[in-house]
Amino acid sequence: MKTSTIELQTVDGPMATYEAVPSSGRGAVVVIQEAFGVNPHIQDVARRLAAEGFHVVAPALFHRTGGGTVPYDDFPSVMAKFAGLDDSSILVDVDAALTHLEAAGWRRSQIGVVGFCMGGRVAFLTAARRSLGAAVSFYGGGIVTARFPQFPPLVEEAGRLQTPWLGLFGDLDQSIPVDDVEVLAKATAEAPVDTEVVRYAEAGHGFHCDARPDHYERGAATDAWGRTLTWFSDHLR
C-alpha cells in the first residue's frame with residue numbers, strides 16, 4: 001500500500017487529499033470526512049479500505065477556510081471551518097476526487113463513496129446527484145431535518161437516488177432522531193436503486209470512531225464495517 005497527501009485542483013483552489021493506493025485494486029472509494037477534517041481517524045479508515053483492495057482518496061473539504069483539522073472537543077472551530085461551504089461547493093470537491101480516480105483508470109460504476117457524520121450527509125447528497133457504483137452513510141445528520149442553514153434537508157431527493165445507498169444509524173444518536181431515520185428508510189425504499197437502512201439499538205452518534213472511546217460501540221462498528229465492505233463488493237463491478 002502506498003499512502004500520500006496529494007493536491008487536487010478545484011475551481012475554488014487547490015485541495016489537499018489523502019490517498020491510499022493498494023498494490024492491486026478491485027475498485028475505488030471516496031472517503032468523506034467528519035466535521036473535524038481529514039484527521040488521523042479518517043486517514044485510518046482510508047487505509048483500512050485500501051487494505052481491502054480499494055484505491056481510496058479522502059478530500060479535505062475545509063480547504064476554503066485554511067484546511068487542517070479540528071480537535072473533537074472544539075466545535076466552535078468546526079463552525080468557522082464550515083464558512084463558505086454549501087452543497088454546490090461540496091460537490092465541486094467530490095467531483096475533483098472522482099475526476100482523479102477516473103484518471104487512474106476507474107469507471108464511475110467502479111467508484112463508491114462513504115462518509116461519516118457530516119460526511120454521511122455528503123455521501124447521501126452524492127448518491128442523489130451523481131451516478132456511482134455505491135454509497136454508504138455512517139450516521140449522516142441533516143438529511144431529514146436540517147442542522148445548518150447552508151445544508152438543507154435532502155429527503156425529498158430520496159426517491160430519485162442515482163447510486164445504491166446504505167445508511168447506518170444508531171438509535172441512541174441524539175442528533176438524528178429515530179423518527180427521522182424511519183422517514184428516510186421509507187423514502188429511500190421508493191428509489192430506483194438498491195437501498196438499505198440499518199439501525200443499531202445500542203449505538204449513538206459516532207459509533208464507528210474508535211478514536212473517541214466515549215462514542216465508539218464495538219459491536220455496531222464491527223457489523224457496520226462488514227456491511228460496508230459487502231455493499232461495495234456487491235455493487236462496485
# chains A, B, ... in the order shown; residues from 1 in each chain; ligands from 1
$ select_by_dssp --residues "segment 2-237 of chain A" --states "alpha helix (DSSP H)" --output "PDB file with C-alpha atoms, in the first residue's frame"
ATOM      1  CA  PRO A  40      -5.859  10.506  11.745  1.00  0.00           C
ATOM      2  CA  HIS A  41      -9.124   8.564  12.139  1.00  0.00           C
ATOM      3  CA  ILE A  42     -10.298   9.357   8.600  1.00  0.00           C
ATOM      4  CA  GLN A  43      -6.844   8.536   7.266  1.00  0.00           C
ATOM      5  CA  ASP A  44      -7.041   5.224   9.125  1.00  0.00           C
ATOM      6  CA  VAL A  45     -10.403   4.491   7.501  1.00  0.00           C
ATOM      7  CA  ALA A  46      -8.808   5.167   4.118  1.00  0.00           C
ATOM      8  CA  ARG A  47      -6.005   2.716   4.880  1.00  0.00           C
ATOM      9  CA  ARG A  48      -8.485   0.068   6.070  1.00  0.00           C
ATOM     10  CA  LEU A  49     -10.308   0.285   2.746  1.00  0.00           C
ATOM     11  CA  ALA A  50      -7.046   0.214   0.809  1.00  0.00           C
ATOM     12  CA  ALA A  51      -6.088  -2.924   2.726  1.00  0.00           C
ATOM     13  CA  PHE A  75     -16.970  22.519  17.982  1.00  0.00           C
ATOM     14  CA  PRO A  76     -16.806  26.364  17.739  1.00  0.00           C
ATOM     15  CA  SER A  77     -13.813  25.948  15.427  1.00  0.00           C
ATOM     16  CA  VAL A  78     -15.824  23.498  13.350  1.00  0.00           C
ATOM     17  CA  MET A  79     -18.393  26.201  12.672  1.00  0.00           C
ATOM     18  CA  ALA A  80     -15.661  28.517  11.427  1.00  0.00           C
ATOM     19  CA  LYS A  81     -14.434  25.810   9.047  1.00  0.00           C
ATOM     20  CA  ASP A  87     -23.865  21.635  -1.227  1.00  0.00           C
ATOM     21  CA  SER A  88     -22.621  23.133  -4.502  1.00  0.00           C
ATOM     22  CA  SER A  89     -19.079  23.654  -3.222  1.00  0.00           C
ATOM     23  CA  ILE A  90     -19.028  20.214  -1.623  1.00  0.00           C
ATOM     24  CA  LEU A  91     -19.972  18.626  -4.945  1.00  0.00           C
ATOM     25  CA  VAL A  92     -17.142  20.575  -6.584  1.00  0.00           C
ATOM     26  CA  ASP A  93     -14.770  18.800  -4.211  1.00  0.00           C
ATOM     27  CA  VAL A  94     -16.386  15.402  -4.701  1.00  0.00           C
ATOM     28  CA  ASP A  95     -16.181  15.840  -8.464  1.00  0.00           C
ATOM     29  CA  ALA A  96     -12.476  16.654  -8.213  1.00  0.00           C
ATOM     30  CA  ALA A  97     -11.936  13.413  -6.310  1.00  0.00           C
ATOM     31  CA  LEU A  98     -13.967  11.462  -8.886  1.00  0.00           C
ATOM     32  CA  THR A  99     -12.016  13.007 -11.766  1.00  0.00           C
ATOM     33  CA  HIS A 100      -8.765  11.956 -10.121  1.00  0.00           C
ATOM     34  CA  LEU A 101      -9.965   8.374  -9.728  1.00  0.00           C
ATOM     35  CA  GLU A 102     -11.237   8.287 -13.306  1.00  0.00           C
ATOM     36  CA  ALA A 103      -7.807   9.450 -14.476  1.00  0.00           C
ATOM     37  CA  MET A 118     -21.354  15.435   8.059  1.00  0.00           C
ATOM     38  CA  GLY A 119     -19.718  13.146   5.500  1.00  0.00           C
ATOM     39  CA  GLY A 120     -22.656  10.779   5.831  1.00  0.00           C
ATOM     40  CA  ARG A 121     -24.910  13.515   4.553  1.00  0.00           C
ATOM     41  CA  VAL A 122     -22.416  14.226   1.749  1.00  0.00           C
ATOM     42  CA  ALA A 123     -22.463  10.558   0.752  1.00  0.00           C
ATOM     43  CA  PHE A 124     -26.273  10.746   0.504  1.00  0.00           C
ATOM     44  CA  LEU A 125     -26.039  14.023  -1.455  1.00  0.00           C
ATOM     45  CA  THR A 126     -23.607  12.370  -3.845  1.00  0.00           C
ATOM     46  CA  ALA A 127     -25.884   9.349  -4.236  1.00  0.00           C
ATOM     47  CA  ALA A 128     -28.748  11.687  -5.115  1.00  0.00           C
ATOM     48  CA  ARG A 129     -26.850  13.914  -7.565  1.00  0.00           C
ATOM     49  CA  VAL A 178     -35.139   7.523  15.207  1.00  0.00           C
ATOM     50  CA  ASP A 179     -38.294   9.013  13.673  1.00  0.00           C
ATOM     51  CA  ASP A 180     -36.106  10.757  11.077  1.00  0.00           C
ATOM     52  CA  VAL A 181     -34.322   7.505  10.312  1.00  0.00           C
ATOM     53  CA  GLU A 182     -37.649   5.785   9.754  1.00  0.00           C
ATOM     54  CA  VAL A 183     -38.827   8.590   7.473  1.00  0.00           C
ATOM     55  CA  LEU A 184     -35.622   8.198   5.482  1.00  0.00           C
ATOM     56  CA  ALA A 185     -35.974   4.415   5.286  1.00  0.00           C
ATOM     57  CA  LYS A 186     -39.492   4.745   3.894  1.00  0.00           C
ATOM     58  CA  ALA A 187     -38.477   7.435   1.400  1.00  0.00           C
ATOM     59  CA  THR A 188     -35.422   5.612   0.078  1.00  0.00           C
ATOM     60  CA  ARG A 218     -17.587  -2.086  19.064  1.00  0.00           C
ATOM     61  CA  GLY A 219     -20.499  -4.341  18.155  1.00  0.00           C
ATOM     62  CA  ALA A 220     -22.201  -1.792  15.929  1.00  0.00           C
ATOM     63  CA  ALA A 221     -18.901  -0.641  14.420  1.00  0.00           C
ATOM     64  CA  THR A 222     -17.862  -4.185  13.516  1.00  0.00           C
ATOM     65  CA  ASP A 223     -21.208  -5.040  11.958  1.00  0.00           C
ATOM     66  CA  ALA A 224     -21.450  -1.721  10.077  1.00  0.00           C
ATOM     67  CA  TRP A 225     -17.944  -2.069   8.660  1.00  0.00           C
ATOM     68  CA  GLY A 226     -18.700  -5.586   7.474  1.00  0.00           C
ATOM     69  CA  ARG A 227     -21.886  -4.382   5.792  1.00  0.00           C
ATOM     70  CA  THR A 228     -19.957  -1.543   4.152  1.00  0.00           C
ATOM     71  CA  LEU A 229     -17.396  -3.902   2.648  1.00  0.00           C
ATOM     72  CA  THR A 230     -20.160  -6.197   1.437  1.00  0.00           C
ATOM     73  CA  TRP A 231     -22.083  -3.283  -0.073  1.00  0.00           C
ATOM     74  CA  PHE A 232     -19.013  -2.189  -2.015  1.00  0.00           C
ATOM     75  CA  SER A 233     -18.166  -5.747  -3.041  1.00  0.00           C
ATOM     76  CA  ASP A 234     -21.706  -6.312  -4.307  1.00  0.00           C
ATOM     77  CA  HIS A 235     -22.056  -3.033  -6.209  1.00  0.00           C
TER      78      HIS A 235
END
$ atom_distance --atom1 "atom CA of Val198 of chain A" --atom2 "atom CA of Val38 of chain A"
25.4 Å
$ select_by_dssp --residues "segment 85-133 of chain A" --states "strand (DSSP E or B)" --output "PyMOL selection string"
chain A and resi 111-116
$ atom_distance --atom1 "atom CA of Ile111 of chain A" --atom2 "atom CA of Arg237 of chain A"
8.9 Å
$ closest_residue --among "A:Leu161, A:Ile176, A:Leu166, A:Ala58" --to "Glu34 of chain A" --atoms "only C-alpha atoms"
A:Ala58
$ closest_residue --among "A:Met15, A:Ala28, A:Val57, A:Ile143" --to "Thr3 of chain A" --atoms "only C-alpha atoms"
A:Val57
$ residues_around --residues "Gln110 of chain A" --least-positions-apart "6" --cutoff "6 Å" --atoms "only C-alpha atoms" --output "PDB file with C-alpha atoms, in the first residue's frame"
ATOM      1  CA  GLY A  27     -12.489  -0.666  -7.065  1.00  0.00           C
ATOM      2  CA  GLY A 133     -21.325   2.270  -8.055  1.00  0.00           C
ATOM      3  CA  LEU A 236     -18.623  -1.944  -7.444  1.00  0.00           C
ATOM      4  CA  ARG A 237     -18.388  -4.109 -10.529  1.00  0.00           C
TER       5      ARG A 237
END
$ atom_distance --atom1 "atom CA of Leu132 of chain A" --atom2 "atom CA of Gly68 of chain A"
28.0 Å
$ residues_around --residues "Ala135 of chain A" --least-positions-apart "6" --cutoff "6 Å" --atoms "only C-alpha atoms" --output "PDB file with N, CA and C atoms, in the first residue's frame"
ATOM      1  N   GLY A 112     -17.048   4.049  -5.318  1.00  0.00           N
ATOM      2  CA  GLY A 112     -18.011   4.233  -4.248  1.00  0.00           C
ATOM      3  C   GLY A 112     -17.666   5.453  -3.410  1.00  0.00           C
ATOM      4  N   VAL A 113     -18.572   5.810  -2.524  1.00  0.00           N
ATOM      5  CA  VAL A 113     -18.336   6.913  -1.589  1.00  0.00           C
ATOM      6  C   VAL A 113     -18.858   6.498  -0.229  1.00  0.00           C
ATOM      7  N   VAL A 114     -18.086   6.805   0.812  1.00  0.00           N
ATOM      8  CA  VAL A 114     -18.527   6.545   2.178  1.00  0.00           C
ATOM      9  C   VAL A 114     -18.228   7.784   3.002  1.00  0.00           C
ATOM     10  N   TRP A 165     -27.506   2.966  -2.155  1.00  0.00           N
ATOM     11  CA  TRP A 165     -27.145   3.657  -0.908  1.00  0.00           C
ATOM     12  C   TRP A 165     -27.466   2.823   0.317  1.00  0.00           C
TER      13      TRP A 165
END
$ decode --residues "segment 185-227 of chain A" --atoms "C-alpha atoms" --output "PDB file, in the first residue's frame"
ATOM      1  CA  ALA A 185     -35.974   4.415   5.286  1.00  0.00           C
ATOM      2  CA  LYS A 186     -39.492   4.745   3.894  1.00  0.00           C
ATOM      3  CA  ALA A 187     -38.477   7.435   1.400  1.00  0.00           C
ATOM      4  CA  THR A 188     -35.422   5.612   0.078  1.00  0.00           C
ATOM      5  CA  ALA A 189     -37.437   2.430  -0.386  1.00  0.00           C
ATOM      6  CA  GLU A 190     -39.058   4.211  -3.346  1.00  0.00           C
ATOM      7  CA  ALA A 191     -35.707   4.807  -5.072  1.00  0.00           C
ATOM      8  CA  PRO A 192     -34.931   3.099  -8.405  1.00  0.00           C
ATOM      9  CA  VAL A 193     -31.648   1.716  -6.995  1.00  0.00           C
ATOM     10  CA  ASP A 194     -30.790  -0.642  -4.143  1.00  0.00           C
ATOM     11  CA  THR A 195     -31.137   0.946  -0.708  1.00  0.00           C
ATOM     12  CA  GLU A 196     -30.947  -0.286   2.860  1.00  0.00           C
ATOM     13  CA  VAL A 197     -31.188   1.385   6.266  1.00  0.00           C
ATOM     14  CA  VAL A 198     -29.716  -0.343   9.321  1.00  0.00           C
ATOM     15  CA  ARG A 199     -30.329   0.749  12.922  1.00  0.00           C
ATOM     16  CA  TYR A 200     -28.234  -0.200  15.947  1.00  0.00           C
ATOM     17  CA  ALA A 201     -30.177  -0.197  19.208  1.00  0.00           C
ATOM     18  CA  GLU A 202     -27.159   0.290  21.498  1.00  0.00           C
ATOM     19  CA  ALA A 203     -25.229   2.807  19.400  1.00  0.00           C
ATOM     20  CA  GLY A 204     -25.114   6.594  19.424  1.00  0.00           C
ATOM     21  CA  HIS A 205     -23.551   9.169  17.140  1.00  0.00           C
ATOM     22  CA  GLY A 206     -20.006   8.403  16.008  1.00  0.00           C
ATOM     23  CA  PHE A 207     -20.263   4.740  16.949  1.00  0.00           C
ATOM     24  CA  HIS A 208     -17.661   3.751  14.357  1.00  0.00           C
ATOM     25  CA  CYS A 209     -14.992   6.199  15.543  1.00  0.00           C
ATOM     26  CA  ASP A 210     -12.574   4.198  17.671  1.00  0.00           C
ATOM     27  CA  ALA A 211     -10.557   7.389  18.213  1.00  0.00           C
ATOM     28  CA  ARG A 212     -13.353   8.548  20.543  1.00  0.00           C
ATOM     29  CA  PRO A 213     -13.856   5.951  23.304  1.00  0.00           C
ATOM     30  CA  ASP A 214     -16.938   7.796  24.583  1.00  0.00           C
ATOM     31  CA  HIS A 215     -18.642   7.332  21.196  1.00  0.00           C
ATOM     32  CA  TYR A 216     -17.260   4.037  19.908  1.00  0.00           C
ATOM     33  CA  GLU A 217     -19.523   0.991  20.108  1.00  0.00           C
ATOM     34  CA  ARG A 218     -17.587  -2.086  19.064  1.00  0.00           C
ATOM     35  CA  GLY A 219     -20.499  -4.341  18.155  1.00  0.00           C
ATOM     36  CA  ALA A 220     -22.201  -1.792  15.929  1.00  0.00           C
ATOM     37  CA  ALA A 221     -18.901  -0.641  14.420  1.00  0.00           C
ATOM     38  CA  THR A 222     -17.862  -4.185  13.516  1.00  0.00           C
ATOM     39  CA  ASP A 223     -21.208  -5.040  11.958  1.00  0.00           C
ATOM     40  CA  ALA A 224     -21.450  -1.721  10.077  1.00  0.00           C
ATOM     41  CA  TRP A 225     -17.944  -2.069   8.660  1.00  0.00           C
ATOM     42  CA  GLY A 226     -18.700  -5.586   7.474  1.00  0.00           C
ATOM     43  CA  ARG A 227     -21.886  -4.382   5.792  1.00  0.00           C
TER      44      ARG A 227
END
